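Shown next: data-v9.txt, containing compact mmCIF, C-alpha atoms.
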```txt
# COMPACT_ATOMS: atom_id res chain seq x y z
CA MET P 211 0.00 0.00 0.00
CA ALA P 212 1.35 3.41 -0.96
CA TRP P 213 1.38 6.00 1.79
CA HIS P 214 1.08 9.67 0.84
CA TYR P 215 2.02 12.20 3.48
CA GLU P 216 1.86 15.96 3.47
CA THR P 217 5.50 16.92 4.00
CA PHE P 218 7.32 20.05 5.11
CA CYS P 219 10.89 21.15 4.47
CA PHE P 220 12.24 23.79 6.85
CA LEU P 221 15.15 25.68 5.25
CA LEU P 222 17.49 27.31 7.71
CA PHE P 223 19.66 30.38 7.45
CA LEU P 224 18.99 33.71 5.69
CA PRO P 225 16.31 34.96 3.24
CA TYR P 226 15.45 32.56 0.40
CA ILE P 227 17.49 32.93 -2.80
CA SER P 228 17.84 30.41 -5.60
CA CYS P 229 20.65 31.51 -7.93
CA GLU P 230 22.34 30.26 -11.06
CA CYS P 231 26.07 29.74 -11.48
CA ILE P 232 27.77 32.91 -12.77
CA LYS P 233 31.45 32.28 -13.50
CA GLU P 234 32.23 35.53 -15.31
CA VAL P 235 34.12 38.35 -13.63
CA TYR P 236 33.63 41.95 -14.66
CA GLU P 237 36.59 44.29 -15.07
CA ASN P 238 36.48 48.00 -14.20
CA MET P 239 33.27 47.45 -12.24
CA ALA P 240 32.48 47.57 -8.50
CA PHE P 241 29.40 46.42 -6.63
CA GLN P 242 27.85 49.04 -4.37
CA GLY P 243 26.74 48.23 -0.81
CA GLY P 244 26.21 44.86 0.82
CA ASP P 245 29.59 44.91 2.56
CA LEU P 246 30.28 42.06 4.98
CA TYR P 247 33.98 42.54 5.63
CA THR P 248 37.29 42.82 3.79
CA VAL P 249 40.04 40.22 3.38
CA PHE P 250 43.25 40.54 1.38
CA ALA P 251 44.00 38.30 -1.58
CA PRO P 252 46.96 38.11 -4.00
CA ASN P 253 44.69 37.97 -7.06
CA VAL P 254 41.04 37.94 -8.10
CA GLU P 255 40.88 34.14 -8.31
CA HIS P 256 41.85 33.84 -4.66
CA CYS P 257 39.31 36.53 -3.77
CA GLN P 258 36.54 34.60 -5.54
CA THR P 259 37.54 31.38 -3.75
CA ALA P 260 37.43 33.21 -0.40
CA CYS P 261 33.91 34.45 -1.21
CA THR P 262 32.82 30.95 -2.24
CA PHE P 263 33.97 29.41 1.05
CA ASP P 264 32.38 32.14 3.17
CA PRO P 265 28.83 31.11 4.21
CA GLN P 266 27.34 34.58 3.67
CA CYS P 267 29.31 35.99 0.74
CA LEU P 268 27.37 36.07 -2.54
CA LEU P 269 29.34 38.71 -4.45
CA PHE P 270 32.73 40.40 -4.27
CA THR P 271 34.73 43.33 -5.57
CA TYR P 272 38.51 42.99 -5.84
CA LEU P 273 40.89 45.95 -5.85
CA PRO P 274 44.27 44.93 -7.34
CA GLY P 275 47.73 46.06 -6.32
CA THR P 276 47.57 48.95 -8.80
CA SER P 277 44.84 50.74 -6.80
CA ARG P 278 45.62 54.36 -5.99
CA THR P 279 45.01 54.12 -2.26
CA GLU P 280 47.57 51.94 -0.47
CA SER P 281 45.05 50.62 2.10
CA GLU P 282 42.82 49.34 -0.72
CA ARG P 283 45.47 47.44 -2.65
CA PHE P 284 44.79 43.68 -2.89
CA ALA P 285 41.54 44.18 -0.95
CA CYS P 286 38.74 41.64 -1.47
CA LEU P 287 35.41 43.16 -0.46
CA MET P 288 33.03 40.36 0.52
CA LYS P 289 29.40 41.26 -0.11
CA ASP P 290 25.87 40.02 0.52
CA SER P 291 22.50 40.82 -0.99
CA GLU P 292 18.92 39.82 -0.19
CA ASN P 293 18.04 39.39 -3.86
CA GLY P 294 21.40 37.96 -5.03
CA THR P 295 22.65 41.06 -6.84
CA LEU P 296 23.76 44.63 -6.18
CA PRO P 297 23.93 47.86 -8.17
CA SER P 298 27.27 48.44 -9.87
CA VAL P 299 29.39 51.44 -10.82
CA ILE P 300 32.33 51.91 -13.15
CA LEU P 301 35.61 51.82 -11.18
CA GLU P 302 38.87 51.63 -13.08
CA GLY P 303 40.96 48.61 -12.13
CA ALA P 304 38.30 46.97 -9.93
CA ILE P 305 37.14 43.43 -10.72
CA SER P 306 33.82 42.06 -9.51
CA GLY P 307 32.08 38.71 -9.59
CA TYR P 308 29.99 36.12 -7.80
CA SER P 309 30.44 33.27 -5.36
CA GLN P 310 30.78 29.87 -7.03
CA LYS P 311 28.60 28.09 -4.46
CA GLN P 312 26.00 27.24 -7.09
CA CYS P 313 28.48 25.91 -9.66
CA ASN P 314 28.94 22.19 -10.25
CA THR P 315 32.73 22.49 -10.44
CA LYS P 316 34.53 21.53 -7.24
CA VAL P 317 36.25 24.41 -5.50
CA ASN P 318 39.03 23.60 -3.04
CA ASP P 319 41.57 25.61 -1.10
CA CYS P 320 44.64 23.89 -2.60
CA ASN P 321 46.61 26.82 -3.99
CA THR P 322 50.00 26.01 -5.51
CA GLU P 323 50.52 29.42 -7.12
CA LEU P 324 53.52 31.54 -6.16
CA TYR P 325 53.21 35.35 -6.15
CA THR P 326 56.33 37.28 -7.13
CA GLY P 327 56.90 40.80 -5.84
CA ILE P 328 54.37 40.79 -2.99
CA ASP P 329 54.67 40.38 0.77
CA MET P 330 51.63 38.72 2.38
CA ILE P 331 51.51 40.11 5.90
CA GLY P 332 50.49 38.15 8.99
CA THR P 333 52.00 37.08 12.28
CA ASN P 334 55.65 36.19 11.61
CA TYR P 335 55.98 33.49 14.25
CA ASN P 336 59.07 31.77 12.86
CA LEU P 337 61.76 32.16 10.23
CA THR P 338 64.34 29.87 8.69
CA THR P 339 66.73 29.79 5.75
CA ALA P 340 65.78 28.08 2.51
CA MET P 341 67.64 27.28 -0.71
CA ASN P 342 64.81 28.60 -2.89
CA VAL P 343 61.11 29.43 -2.80
CA ASP P 344 60.00 25.82 -3.37
CA HIS P 345 62.09 24.75 -0.37
CA CYS P 346 60.50 27.55 1.68
CA GLN P 347 56.99 26.49 0.65
CA GLN P 348 57.64 22.88 1.60
CA LYS P 349 59.00 23.95 5.00
CA CYS P 350 55.81 25.98 5.56
CA THR P 351 53.74 22.98 4.47
CA ASP P 352 55.50 20.71 6.97
CA ASP P 353 55.04 23.19 9.83
CA ARG P 354 51.72 22.66 11.66
CA HIS P 355 51.10 26.38 12.29
CA CYS P 356 52.19 27.88 8.96
CA LEU P 357 49.33 29.05 6.71
CA PHE P 358 51.31 31.16 4.24
CA PHE P 359 54.86 32.44 3.81
CA THR P 360 57.11 35.07 2.26
CA TYR P 361 60.52 34.12 0.84
CA VAL P 362 63.29 36.70 0.44
CA THR P 363 65.31 35.92 -2.71
CA ASP P 364 69.08 36.18 -3.15
CA LYS P 365 68.60 39.45 -5.05
CA PHE P 366 66.96 41.30 -2.13
CA HIS P 367 68.55 44.67 -1.33
CA SER P 368 69.40 43.73 2.27
CA LYS P 369 72.04 40.98 2.15
CA PRO P 370 71.47 39.64 5.72
CA LEU P 371 67.80 38.88 4.88
CA ARG P 372 68.45 36.98 1.66
CA ASN P 373 67.20 33.38 1.46
CA THR P 374 65.05 33.88 4.56
CA CYS P 375 61.70 32.09 4.75
CA TYR P 376 59.07 33.71 6.98
CA PHE P 377 56.33 31.42 8.39
CA LYS P 378 53.02 33.24 8.93
CA TYR P 379 49.49 32.77 10.22
CA THR P 380 46.43 34.87 11.07
CA LEU P 381 43.22 34.19 12.99
CA LYS P 382 41.13 34.19 9.79
CA GLY P 383 43.68 32.28 7.71
CA THR P 384 44.11 35.10 5.18
CA PRO P 385 46.73 37.89 5.14
CA THR P 386 45.92 41.00 7.18
CA LYS P 387 47.46 43.09 4.41
CA ILE P 388 49.45 42.64 1.20
CA ARG P 389 52.11 45.01 -0.08
CA ALA P 390 54.29 45.16 -3.17
CA LEU P 391 57.94 44.38 -2.40
CA THR P 392 60.71 43.74 -4.88
CA ASN P 393 62.65 40.44 -4.83
CA VAL P 394 60.33 38.52 -2.52
CA VAL P 395 57.92 35.68 -3.34
CA SER P 396 54.85 34.69 -1.32
CA GLY P 397 52.55 31.70 -1.32
CA PHE P 398 50.34 29.41 0.73
CA SER P 399 50.93 26.18 2.61
CA LEU P 400 50.24 23.07 0.53
CA LYS P 401 48.64 21.15 3.41
CA PRO P 402 45.20 21.32 1.72
CA CYS P 403 46.81 19.67 -1.33
CA GLY P 404 48.00 16.64 0.69
CA ARG P 405 51.67 17.68 0.34
CA SER P 406 52.69 17.72 4.01
CA THR P 407 55.27 15.20 5.23
CA ALA P 408 54.51 15.93 8.90
CA GLY P 409 52.14 12.96 9.18
CA CYS P 410 48.76 12.89 10.90
CA THR P 411 46.80 11.03 13.56
CA SER P 412 43.30 9.98 12.53
CA ASP P 413 42.49 8.08 15.75
CA ILE P 414 39.62 9.21 17.97
CA PHE P 415 40.45 9.15 21.67
CA GLN P 416 37.49 7.88 23.66
CA GLU P 417 36.71 9.32 27.11
CA PHE P 418 39.45 11.98 26.86
CA GLU P 419 39.35 15.78 26.87
CA PHE P 420 42.29 17.56 25.20
CA SER P 421 43.72 20.64 26.88
CA GLY P 422 44.96 23.57 24.82
CA ASP P 423 44.11 27.09 23.72
CA ASP P 424 40.44 27.27 22.70
CA ILE P 425 39.91 28.94 19.30
CA THR P 426 36.11 28.70 19.28
CA SER P 427 33.31 26.19 19.80
CA VAL P 428 30.55 25.10 17.43
CA PHE P 429 27.69 22.62 17.60
CA SER P 430 28.26 19.44 15.61
CA PRO P 431 25.98 16.44 14.98
CA ASP P 432 28.77 13.92 15.62
CA ILE P 433 32.48 13.43 16.27
CA HIS P 434 33.39 12.96 12.59
CA THR P 435 31.80 16.24 11.55
CA CYS P 436 33.62 17.91 14.45
CA GLN P 437 36.90 16.53 13.09
CA LYS P 438 36.10 17.84 9.60
CA ILE P 439 35.33 21.29 11.00
CA CYS P 440 38.66 21.30 12.83
CA THR P 441 40.47 20.17 9.67
CA TYR P 442 39.10 23.08 7.63
CA TYR P 443 39.14 25.75 10.35
CA PRO P 444 42.23 28.04 10.34
CA ASN P 445 44.74 27.20 13.11
CA CYS P 446 42.75 24.27 14.56
CA LEU P 447 45.16 21.46 15.42
CA PHE P 448 43.01 19.28 17.70
CA PHE P 449 39.54 19.21 19.24
CA THR P 450 37.26 17.82 21.95
CA PHE P 451 33.64 16.83 21.33
CA TYR P 452 31.00 16.43 24.04
CA THR P 453 28.44 13.76 23.19
CA LYS P 454 24.67 13.99 23.71
CA ALA P 455 25.17 12.15 27.01
CA TRP P 456 27.38 14.95 28.41
CA THR P 457 26.31 16.08 31.89
CA VAL P 458 25.87 19.79 31.02
CA GLU P 459 22.87 19.99 28.69
CA SER P 460 23.91 23.29 27.06
CA GLN P 461 27.27 21.76 26.05
CA ARG P 462 25.95 18.58 24.46
CA ASN P 463 27.12 18.11 20.85
CA LEU P 464 29.59 20.97 21.34
CA CYS P 465 32.83 20.80 19.37
CA PHE P 466 35.77 22.71 20.90
CA LEU P 467 38.44 23.73 18.36
CA LYS P 468 41.88 24.04 19.92
CA THR P 469 45.52 24.85 19.25
CA SER P 470 48.80 25.06 21.16
CA ARG P 471 52.34 26.30 20.61
CA THR P 472 53.69 22.76 20.55
CA GLY P 473 50.98 21.50 18.21
CA ILE P 474 49.81 18.82 20.65
CA PRO P 475 47.52 18.85 23.72
CA SER P 476 49.26 19.96 26.89
CA ALA P 477 47.52 17.53 29.24
CA PRO P 478 44.82 15.07 28.08
CA VAL P 479 42.30 14.49 30.87
CA GLN P 480 40.13 11.39 31.15
CA LYS P 481 36.43 12.37 31.06
CA GLY P 482 33.31 10.38 30.35
CA ASN P 483 31.21 11.28 27.29
CA ALA P 484 34.08 13.29 25.78
CA LEU P 485 35.81 12.38 22.53
CA SER P 486 38.98 14.01 21.20
CA GLY P 487 41.14 13.92 18.11
CA PHE P 488 43.40 15.82 15.73
CA SER P 489 43.00 17.85 12.55
CA LEU P 490 43.52 15.80 9.38
CA LEU P 491 45.03 18.70 7.43
CA THR P 492 48.54 17.21 7.44
CA CYS P 493 47.37 13.86 6.08
CA LYS P 494 48.58 12.77 2.66
CA LYS P 495 45.01 11.93 1.69
CA VAL P 496 42.94 15.11 1.46
CA THR P 497 39.84 14.97 3.67
CA PRO P 498 36.71 15.66 1.57
CA MET P 499 34.05 17.89 3.08
CA CYS P 500 31.31 15.73 1.55
CA PRO P 501 29.40 13.67 2.32
CA LEU P 502 28.03 15.07 5.56
CA PRO P 503 25.72 12.98 7.76
CA VAL P 504 21.93 13.01 7.55
CA LEU P 505 20.51 12.97 11.08
CA THR P 506 17.33 11.21 12.10
CA ASP P 507 15.16 12.18 15.08
CA ALA P 508 16.96 15.51 15.39
CA ASP P 509 16.00 19.13 14.74
CA VAL P 510 18.94 21.32 13.72
CA LEU P 511 18.30 24.83 15.02
CA GLY P 512 19.08 27.97 13.07
CA LYS P 513 17.49 31.02 11.50
CA ASP P 514 14.50 29.89 9.43
CA LEU P 515 14.53 30.64 5.73
CA GLY P 516 11.05 29.34 5.14
CA THR P 517 8.81 26.29 4.97
CA VAL P 518 8.30 24.53 1.65
CA TYR P 519 6.18 21.53 0.66
CA VAL P 520 8.29 18.77 -0.92
CA ALA P 521 7.91 15.16 -2.07
CA GLY P 522 10.26 13.67 0.51
CA GLU P 523 13.45 14.06 2.54
CA LYS P 524 15.77 13.78 -0.49
CA ALA P 525 13.82 16.52 -2.25
CA CYS P 526 14.21 18.65 0.87
CA GLN P 527 17.97 18.13 0.87
CA GLN P 528 18.19 18.94 -2.86
CA LEU P 529 16.14 22.10 -2.39
CA CYS P 530 18.52 23.20 0.38
CA SER P 531 21.51 22.45 -1.90
CA ASP P 532 19.96 24.52 -4.71
CA THR P 533 19.23 27.46 -2.42
CA ILE P 534 22.33 29.59 -2.07
CA ARG P 535 21.63 30.77 1.49
CA CYS P 536 20.58 27.38 2.87
CA GLN P 537 23.22 25.66 5.01
CA PHE P 538 21.11 22.95 6.65
CA TYR P 539 17.50 21.86 6.85
CA THR P 540 14.94 19.93 8.89
CA TYR P 541 12.43 17.64 7.16
CA SER P 542 9.19 16.57 8.81
CA SER P 543 6.29 14.50 7.46
CA ALA P 544 2.67 14.80 8.54
CA LYS P 545 2.99 11.33 10.07
CA ASP P 546 5.92 12.53 12.21
CA ARG P 547 3.97 15.54 13.46
CA LYS P 548 0.89 13.46 14.36
CA SER P 549 2.89 10.84 16.31
```

Whole structure given in structure tokens:
Amino acid sequence: MAWHYETFCFLLFLPYISCECIKEVYENMAFQGGDLYTVFAPNVEHCQTACTFDPQCLLFTYLPGTSRTESERFACLMKDSENGTLPSVILEGAISGYSQKQCNTKVNDCNTELYTGIDMIGTNYNLTTAMNVDHCQQKCTDDRHCLFFTYVTDKFHSKPLRNTCYFKYTLKGTPTKIRALTNVVSGFSLKPCGRSTAGCTSDIFQEFEFSGDDITSVFSPDIHTCQKICTYYPNCLFFTFYTKAWTVESQRNLCFLKTSRTGIPSAPVQKGNALSGFSLLTCKKVTPMCPLPVLTDADVLGKDLGTVYVAGEKACQQLCSDTIRCQFYTYSSAKDRKS
């Protein structure tokens, strides 16, 4: 016997927008308004990738290194809009475009490009000598804290600084500023490309809480999603996850992202209903973000986008995937609501 239920799909996040994939970028054009915040990127491709990975960014305007105002050079202006677009103006040198969230092509943060003549600024927490820029990049890749680097070539004007490799990081994972500088080369760690030789630990440590410096905490449906979040979150080296049986109700399913100077927990403590583990960023095999788990008998809370009638739970998931603002959803059938 076929059962037909009236079904609801609750889409969660910001106002409803269903957008097409727009890959083109527009030169000498700037979007007006909708500013979220500004990051700094070495080129427009990196700016577009940053917008794509940001949960709110739908559009961007990039100001290259030739911009007249020094503070605006290499600036990537992340933007949002309730209807998916913004008014534009002519601005010489500016490049604007859209997030690639709705495109079928896979976007990843593996960036092998080297940028000659720019210094990507961040916290210089370590420096070493290197034979060449490739050697410097590999050293950054093998260092657990290094997110990007600047290499001083053997033609740099100050002889004592030649062949120096500066390891850098920032809280957001992107440079705090970029400046033009002759005879230096900058680039990013190749950890997201699976190029690190530091090795990784994929084990989950049952009934242990890791001690370290807390970066932030987020709610996660399970331990494996918590580990993925840590892997992709800037500076996260290890984590602790409290299960749904944790004694403090408000902390159940909470994922604590952590770091430390040494790169390892300072003092693991045995605790019931706590699970801990390490980021998988230094693994040779790149950790895919998908698939993510589908939860049963759970309501994921967030800001409601709207309620839509659908044919079933898979249709609900597809509708969320096709809606640019939707990050997660809750599906409920009439049978579920009556029981």

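Atom pair atom CA of Lys311 of chain P / atom CA of Ser281 of chain P: separated by 28.7 Å.
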
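Of the listed residues (P:Pro444, P:Pro370, P:Pro252, P:Pro265), P:Pro252 comes nearest to Cys286 of chain P; the distances count all atoms listed in the file.
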
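One distance worth recording is that between atom CA of Phe241 of chain P and atom CA of Ser298 of chain P, which is 4.4 Å.
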
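Each of P:Ile305, P:Met330, P:Leu269, P:Ile232 was compared to Val254 of chain P using all atoms listed in the file, and P:Ile305 turns out to be the nearest.
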
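Interatomic distance, atom CA of Leu273 of chain P against atom CA of Glu237 of chain P: 10.3 Å.
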
Quick one: residues within 10 Å of segment 411-417 of chain P, all atoms listed in the file counted, chain neighbours fewer than 5 positions away excluded, as a ChimeraX atom specification?
/P:433-434,437,448,450-452,478-493

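Residues in contact with Asn342 of chain P at up to 10 Å, not including ones fewer than 3 positions away on its chain and judged by only C-alpha atoms, are Thr339, His345, Cys346, Gln347, Tyr361, Val362, Thr363, Asp364, Asn373, Thr374, Cys375 and Val395 of chain P.
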